[in-house]
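Visitor: Right, I'll just put the structure down here and ask away after.
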Amino acid sequence: MGSLLILIGFPFMVFTQNVNLRFQNKVGDMPLIIDSVNYKNELNQDFTISKFKFYISNVRFENTNGTTTAPSTSFLIDQEDSLSLSTNLISIPSGFYSSVEFILGVDSIHNVSGAQTGALDVVNAMFWTWNSGYIFMKLEGNSSFSNSPGHFFEYHIGGFKEPYNAIRKIKLTFDQPVEISKHKLIDILINVNVLEILQHPNSIDFSKNSSIVEPFQSKIVSDNYEDIFSIINIK
Amino acid sequence: MNKRILIVFLIIASSLGMLSLDQFEDIFKITKKDVKLIYPTYFPKPSYSFSSNKLSPDKFVLGRKLFYDEILSKDNTVSCATCHERIAAFAHIDHKLSHGIYAKIGTRNVPPIQNLIWRTSFMWEGGVNHIEIQPLSPIENPIEMDEKMSNVLLKLKNDPVYVSLFKKAYKDSEITSERVFKSLTQFMGLMISSNSRYDKFIQQKDTLSKMEMNGLTLFRAKCASCHTEPLFTNNGFANNGLKVDPSLNDEGRYKITKNEKDKYAFTIPSLRNIEMTYPYMHDGRFKKIMDVLNFYSEGQNHNATVDQRVTSIGKLSSQEKKELNAFLLTLTDKTFLYDRRFVDPDYVFSR
């Protein structure tokens, strides 16, 4: 019985989930490697990265005639979980599409929906227990400029309620319309530039901001992370 | 102490032939009837209706076991029931501030667990926005249970009793945080207090004395704008004019909103079962109901954010205080306090 279900289920999955989002995390031009590479921010302060995780939610594609597809659920992208970087499957109706949109974070409804599974399971440690809400992005590491114990820095960015709303809408336009059909898996490779989290418009100084961990502190970073994404290629 | 009395009672009852061992178990058996959501017609519609968490005896029993199990804490010494005692409407009777794991002392008085499905936020500062994820806060708080939810799941998966209870409740033995939270919600969400003498009075099944009636009239004039009937809370927040304790300097709701207006505001608690939930206030500073009435009458500290509904109460005469006190005692709900559904038989008999 079990194998029969797999036989029926497998082609069904391939059939419906026809778009895969892949993420390549970089720091400027350098690949992001946990705990081992020394990077520099725009203030020429050294740093290493020990953790980088973020949510993207409500992925929608805009058709060339202007209509958008129904939003999908949330994905948790974690540098230390290679599957999360390589496999984020969604199903999109056949057609020609000009752009992909999503939010960095988790929408307000899913912040007030109680116990959830999958990407939004609280065991992923991306949830504030005492001030309910998802942490949209965690970036942690060390910098000799940080005054925190162990020269640690940690940025836990989130918050879905005004005036501390850290949800950011992202829209990536394709160079030319992309055909999506039911029979072919389209692979979209997205570059994530961590350096942009630390700059433009707000230059993050590790000596002044080594700990940003509550919604009311988030803006200095969430205003930066709007422009971290770019499309590398679509295959 | 209560456990001992219950055990002694059961032993005497059984030795007199009043109860067989089977009946022991029958007393605590949870049937479909026990997990029906029932509340009086004059209660509002609950904000949580179990629509995506269908009530079942097996899920309720699983939630009950989790509630009483120290497995939820890092060193397996603290359960929900450690601080939430049934006989005190699940508050921590006679404890000013809570003490959690490693005998650490917290900064807040333990609130009762009752009528949660009508609440719109949880904890003294209202930071938790959903009944299902409320337990995560004490479980992961370093001075309460100091455990990680992922580790709780590991421990549960290694326990054959839980594996079979999850299988019974959810048809497969997968143990997830969602299932833990939803089971706990079934147990705690059904803790409904609606059968006090006040309720019987509203339902015209009982009368109140003249003293109690006068108290009710006074209560409606002076207290009900915050402690609104029939739940005796409006689900809001207020700075009620307590002098700030400098050793705690608890800014309350401000910690969540960062709005100056919310400084020193706290969740407006329900007054149901107030007789059993002493001591009072977010830091447990008052021992007796009369202390609270004296405070509202003549002890308020009028700092910048104090609520106008509190400052307008005015001075109460000693007769008025006695009347209010008498009325507040009609909110004690023995049906709820002695409800057998909320007793965990394993917990009672294993100790």
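Chain identifiers are assigned as A, B, and so on, following the order in which chains appear in the structure tokens; residues are numbered from 1 within each chain, and ligands are numbered from 1 in order of appearance.
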Applying 9 Å and only C-alpha atoms, which residues near segment 137-139 of chain A remain after dropping the ones on its own chain fewer than 2 positions away? List them as a list of chain:residue names.
Guide: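 Close residues of segment 137-139 of chain A: A:Ile49, A:Ser50, A:Lys51, A:Phe52, A:Lys53, A:Phe54, A:Tyr55, A:Leu104, A:Gly105, A:Met126, A:Tyr134, A:Ile135, A:Gly141, A:Phe153, A:Glu154, A:Tyr155, A:His156, A:Ile157, A:Gly158, A:Val194.
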Visitor: Filtering to N, CA and C atoms, could you give me those residues as an mmCIF file, in the first residue's frame?
Guide:
data_model
loop_
_atom_site.group_PDB
_atom_site.id
_atom_site.type_symbol
_atom_site.label_atom_id
_atom_site.label_comp_id
_atom_site.auth_asym_id
_atom_site.auth_seq_id
_atom_site.Cartn_x
_atom_site.Cartn_y
_atom_site.Cartn_z
ATOM 1 N N ILE A 49 31.226 35.036 10.154
ATOM 2 C CA ILE A 49 29.799 34.741 10.304
ATOM 3 C C ILE A 49 29.632 33.322 10.849
ATOM 4 N N SER A 50 28.862 33.203 11.939
ATOM 5 C CA SER A 50 28.641 31.881 12.535
ATOM 6 C C SER A 50 27.228 31.366 12.288
ATOM 7 N N LYS A 51 26.328 32.257 11.894
ATOM 8 C CA LYS A 51 24.947 31.818 11.651
ATOM 9 C C LYS A 51 24.280 32.770 10.675
ATOM 10 N N PHE A 52 23.573 32.212 9.703
ATOM 11 C CA PHE A 52 22.794 33.059 8.786
ATOM 12 C C PHE A 52 21.567 32.278 8.330
ATOM 13 N N LYS A 53 20.411 32.737 8.805
ATOM 14 C CA LYS A 53 19.132 32.091 8.474
ATOM 15 C C LYS A 53 18.104 33.180 8.193
ATOM 16 N N PHE A 54 17.215 32.933 7.256
ATOM 17 C CA PHE A 54 16.143 33.911 7.036
ATOM 18 C C PHE A 54 14.917 33.230 6.425
ATOM 19 N N TYR A 55 13.761 33.890 6.594
ATOM 20 C CA TYR A 55 12.518 33.407 6.002
ATOM 21 C C TYR A 55 12.210 34.164 4.720
ATOM 22 N N LEU A 104 10.512 39.151 2.579
ATOM 23 C CA LEU A 104 11.548 38.688 3.494
ATOM 24 C C LEU A 104 10.896 38.756 4.866
ATOM 25 N N GLY A 105 10.650 37.577 5.470
ATOM 26 C CA GLY A 105 9.950 37.528 6.749
ATOM 27 C C GLY A 105 8.758 36.593 6.671
ATOM 28 N N MET A 126 13.358 30.230 15.540
ATOM 29 C CA MET A 126 13.201 31.514 14.848
ATOM 30 C C MET A 126 11.918 32.184 15.345
ATOM 31 N N TYR A 134 7.732 35.822 14.690
ATOM 32 C CA TYR A 134 8.887 35.144 14.097
ATOM 33 C C TYR A 134 10.067 36.097 13.959
ATOM 34 N N ILE A 135 11.254 35.526 14.149
ATOM 35 C CA ILE A 135 12.491 36.229 13.836
ATOM 36 C C ILE A 135 12.697 36.011 12.343
ATOM 37 N N GLY A 141 27.839 36.408 14.417
ATOM 38 C CA GLY A 141 29.249 36.193 14.125
ATOM 39 C C GLY A 141 30.128 36.905 15.123
ATOM 40 N N PHE A 153 28.680 39.345 17.733
ATOM 41 C CA PHE A 153 27.564 40.225 17.327
ATOM 42 C C PHE A 153 26.383 39.353 16.944
ATOM 43 N N GLU A 154 25.180 39.836 17.227
ATOM 44 C CA GLU A 154 23.984 39.079 16.841
ATOM 45 C C GLU A 154 22.873 40.023 16.429
ATOM 46 N N TYR A 155 22.314 39.726 15.272
ATOM 47 C CA TYR A 155 21.196 40.499 14.745
ATOM 48 C C TYR A 155 20.014 39.548 14.545
ATOM 49 N N HIS A 156 19.020 39.688 15.414
ATOM 50 C CA HIS A 156 17.780 38.916 15.283
ATOM 51 C C HIS A 156 16.713 39.905 14.855
ATOM 52 N N ILE A 157 16.374 39.862 13.575
ATOM 53 C CA ILE A 157 15.524 40.902 13.004
ATOM 54 C C ILE A 157 14.123 40.359 12.773
ATOM 55 N N GLY A 158 13.115 41.114 13.212
ATOM 56 C CA GLY A 158 11.726 40.694 13.023
ATOM 57 C C GLY A 158 10.792 41.759 13.537
ATOM 58 N N VAL A 194 25.163 39.191 1.780
ATOM 59 C CA VAL A 194 25.101 39.503 3.210
ATOM 60 C C VAL A 194 25.671 40.882 3.508
#
Visitor: Quick check for you: according to DSSP on this backbone, which residues of segment 25-147 of chain A are classed as strand (DSSP E or B)? Reply as a PyMOL selection string.
Guide: chain A and resi 25-27+30-31+39-40+46-63+68+75-78+89-90+95-104+127-128+133-142
Visitor: Pick out the chain A residues within 9 Å of chain B. Count only C-alpha atoms. Give them as a list in words.
Guide: Asn111, Val112, Ser113, Gly114, Ala115, Gln116, Thr117, Asp121, Val122, Val123, Asn124, Ala125, Trp128, Thr129, Trp130, Asn131, Ser132, Gly133 and Phe216 of chain A
Visitor: Identify, on the basis of only C-alpha atoms, every residue whose closest approach to Phe145 of chain A does not exceed 12 Å; exclude the query and any residue fewer than 2 positions from it along the same chain; express the result as a PyMOL selection string.
Guide: chain A and resi 40-41+43-48+141-143+147-153+204-210
Visitor: At what distance in Å, to one decimal, does atom CA of Phe60 of chain B lie from atom CA of Asp34 of chain B?
Guide: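 The value is 9.3 Å.
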Visitor: Which residues, written as a list in words, have at least one atom at most 7 Å from Glu323 of chain B, with only C-alpha atoms counted and residues fewer than 4 positions away on the same chain left out?
Guide: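 After dropping sequence-adjacent residues, the list is Met211, Glu212, Asn214, Gly215, Gln319 and Phe327 of chain B.
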Visitor: With only C-alpha atoms as the counted atoms, please give the residues lying no more than 12 Å from Arg340 of chain B, apart from itself and same-chain residues fewer than 5 positions off, as a PyMOL selection string.
Guide: chain B and resi 6+24-30+34+64+86-87+191+334-335+345+348
Visitor: Given the selection you just returned, output its residues as a file containing C-alpha atoms, formatted as a tab-separated table (two decimals), in the first residue's frame.
Guide:
chain	number	residue	atom	x	y	z
B	6	LEU	CA	-7.50	12.74	48.16
B	24	PHE	CA	-10.47	4.40	40.98
B	25	GLU	CA	-9.65	4.57	37.33
B	26	ASP	CA	-13.21	5.26	36.29
B	27	ILE	CA	-13.24	8.43	38.36
B	28	PHE	CA	-10.55	9.94	36.15
B	29	LYS	CA	-11.67	8.48	32.86
B	30	ILE	CA	-12.15	11.15	30.19
B	34	ASP	CA	-15.88	15.53	29.27
B	64	ARG	CA	-3.16	16.54	30.96
B	86	ARG	CA	-5.46	23.19	40.69
B	87	ILE	CA	-6.84	24.17	44.08
B	191	MET	CA	-10.44	25.02	32.20
B	334	LYS	CA	-16.03	25.07	43.54
B	335	THR	CA	-17.24	23.09	40.53
B	345	PRO	CA	-4.34	10.20	38.20
B	348	VAL	CA	-1.64	11.63	42.19
Visitor: Applying 9 Å and only C-alpha atoms, which residues near segment 163-175 of chain A remain after dropping the ones on its own chain fewer than 6 positions away? List them as an mmCIF file with N, CA and C atoms, in the first residue's frame.
Guide:
data_model
loop_
_atom_site.group_PDB
_atom_site.id
_atom_site.type_symbol
_atom_site.label_atom_id
_atom_site.label_comp_id
_atom_site.auth_asym_id
_atom_site.auth_seq_id
_atom_site.Cartn_x
_atom_site.Cartn_y
_atom_site.Cartn_z
ATOM 1 N N TYR A 97 6.176 34.511 -17.516
ATOM 2 C CA TYR A 97 6.256 35.348 -16.316
ATOM 3 C C TYR A 97 7.391 36.362 -16.435
ATOM 4 N N SER A 98 7.152 37.534 -15.843
ATOM 5 C CA SER A 98 8.129 38.620 -15.977
ATOM 6 C C SER A 98 8.899 38.883 -14.681
ATOM 7 N N SER A 99 8.352 38.436 -13.518
ATOM 8 C CA SER A 99 9.060 38.715 -12.265
ATOM 9 C C SER A 99 8.601 37.750 -11.175
ATOM 10 N N VAL A 100 9.409 37.679 -10.132
ATOM 11 C CA VAL A 100 9.033 36.921 -8.952
ATOM 12 C C VAL A 100 9.025 37.889 -7.770
ATOM 13 N N GLU A 101 8.026 37.733 -6.903
ATOM 14 C CA GLU A 101 7.917 38.587 -5.720
ATOM 15 C C GLU A 101 7.837 37.693 -4.479
ATOM 16 N N PHE A 102 8.354 38.171 -3.390
ATOM 17 C CA PHE A 102 8.164 37.480 -2.107
ATOM 18 C C PHE A 102 8.402 38.472 -0.989
ATOM 19 N N ILE A 103 8.103 38.074 0.228
ATOM 20 C CA ILE A 103 8.472 38.936 1.344
ATOM 21 C C ILE A 103 9.643 38.303 2.079
ATOM 22 N N LEU A 104 10.512 39.151 2.579
ATOM 23 C CA LEU A 104 11.548 38.688 3.494
ATOM 24 C C LEU A 104 10.896 38.756 4.866
ATOM 25 N N GLY A 105 10.650 37.577 5.470
ATOM 26 C CA GLY A 105 9.950 37.528 6.749
ATOM 27 C C GLY A 105 8.758 36.593 6.671
ATOM 28 N N VAL A 106 7.822 36.800 7.584
ATOM 29 C CA VAL A 106 6.616 35.981 7.688
ATOM 30 C C VAL A 106 5.447 36.950 7.804
ATOM 31 N N ASP A 107 4.387 36.738 7.038
ATOM 32 C CA ASP A 107 3.296 37.728 7.046
ATOM 33 C C ASP A 107 2.586 37.777 8.404
ATOM 34 N N SER A 108 1.811 38.845 8.608
ATOM 35 C CA SER A 108 1.259 39.081 9.944
ATOM 36 C C SER A 108 0.308 37.957 10.363
ATOM 37 N N PHE A 136 12.702 37.081 11.567
ATOM 38 C CA PHE A 136 12.747 36.932 10.109
ATOM 39 C C PHE A 136 14.157 36.580 9.632
ATOM 40 N N ILE A 157 16.374 39.862 13.575
ATOM 41 C CA ILE A 157 15.524 40.902 13.004
ATOM 42 C C ILE A 157 14.123 40.359 12.773
ATOM 43 N N PRO A 215 12.181 43.583 18.163
ATOM 44 C CA PRO A 215 11.513 44.257 17.049
ATOM 45 C C PRO A 215 11.746 45.780 17.027
ATOM 46 N N PHE A 216 11.730 46.421 18.191
ATOM 47 C CA PHE A 216 11.837 47.888 18.185
ATOM 48 C C PHE A 216 13.225 48.359 17.754
ATOM 49 N N GLN A 217 14.214 47.434 17.743
ATOM 50 C CA GLN A 217 15.564 47.803 17.316
ATOM 51 C C GLN A 217 15.806 47.468 15.840
ATOM 52 N N SER A 218 14.868 46.755 15.224
ATOM 53 C CA SER A 218 15.139 46.085 13.949
ATOM 54 C C SER A 218 15.361 47.008 12.745
ATOM 55 N N LYS A 219 14.742 48.191 12.781
ATOM 56 C CA LYS A 219 14.653 49.028 11.571
ATOM 57 C C LYS A 219 16.001 49.308 10.914
ATOM 58 N N VAL A 221 18.431 47.529 10.530
ATOM 59 C CA VAL A 221 18.850 46.416 9.663
ATOM 60 C C VAL A 221 17.796 46.116 8.589
ATOM 61 N N SER A 222 16.517 46.149 8.977
ATOM 62 C CA SER A 222 15.481 45.771 7.997
ATOM 63 C C SER A 222 15.416 46.771 6.844
ATOM 64 N N ASP A 223 15.806 48.007 7.096
ATOM 65 C CA ASP A 223 15.867 48.970 5.983
ATOM 66 C C ASP A 223 17.027 48.658 5.041
ATOM 67 N N TYR A 225 18.038 45.337 4.426
ATOM 68 C CA TYR A 225 17.990 44.024 3.775
ATOM 69 C C TYR A 225 17.033 43.916 2.588
ATOM 70 N N GLU A 226 16.446 45.042 2.221
ATOM 71 C CA GLU A 226 15.572 45.022 1.041
ATOM 72 C C GLU A 226 16.328 44.659 -0.235
ATOM 73 N N ASP A 227 17.605 45.059 -0.320
ATOM 74 C CA ASP A 227 18.320 44.927 -1.603
ATOM 75 C C ASP A 227 19.419 43.861 -1.565
ATOM 76 N N PHE A 229 18.911 40.703 -2.507
ATOM 77 C CA PHE A 229 18.634 39.617 -3.468
ATOM 78 C C PHE A 229 18.877 40.060 -4.913
ATOM 79 N N SER A 230 19.422 39.149 -5.715
ATOM 80 C CA SER A 230 19.483 39.375 -7.167
ATOM 81 C C SER A 230 19.485 38.015 -7.858
ATOM 82 N N ILE A 231 18.967 37.987 -9.075
ATOM 83 C CA ILE A 231 18.894 36.707 -9.797
ATOM 84 C C ILE A 231 20.217 36.444 -10.508
ATOM 85 N N ILE A 234 18.424 31.592 -14.530
ATOM 86 C CA ILE A 234 17.191 30.797 -14.535
ATOM 87 C C ILE A 234 17.380 29.680 -15.551
#
Visitor: Just give me the gap between atom CA of Gln176 of chain A and atom CA of Asn65 of chain A in Å, one decimal is fine.
Guide: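 For atom CA of Gln176 of chain A relative to atom CA of Asn65 of chain A, the distance reads 13.7 Å.
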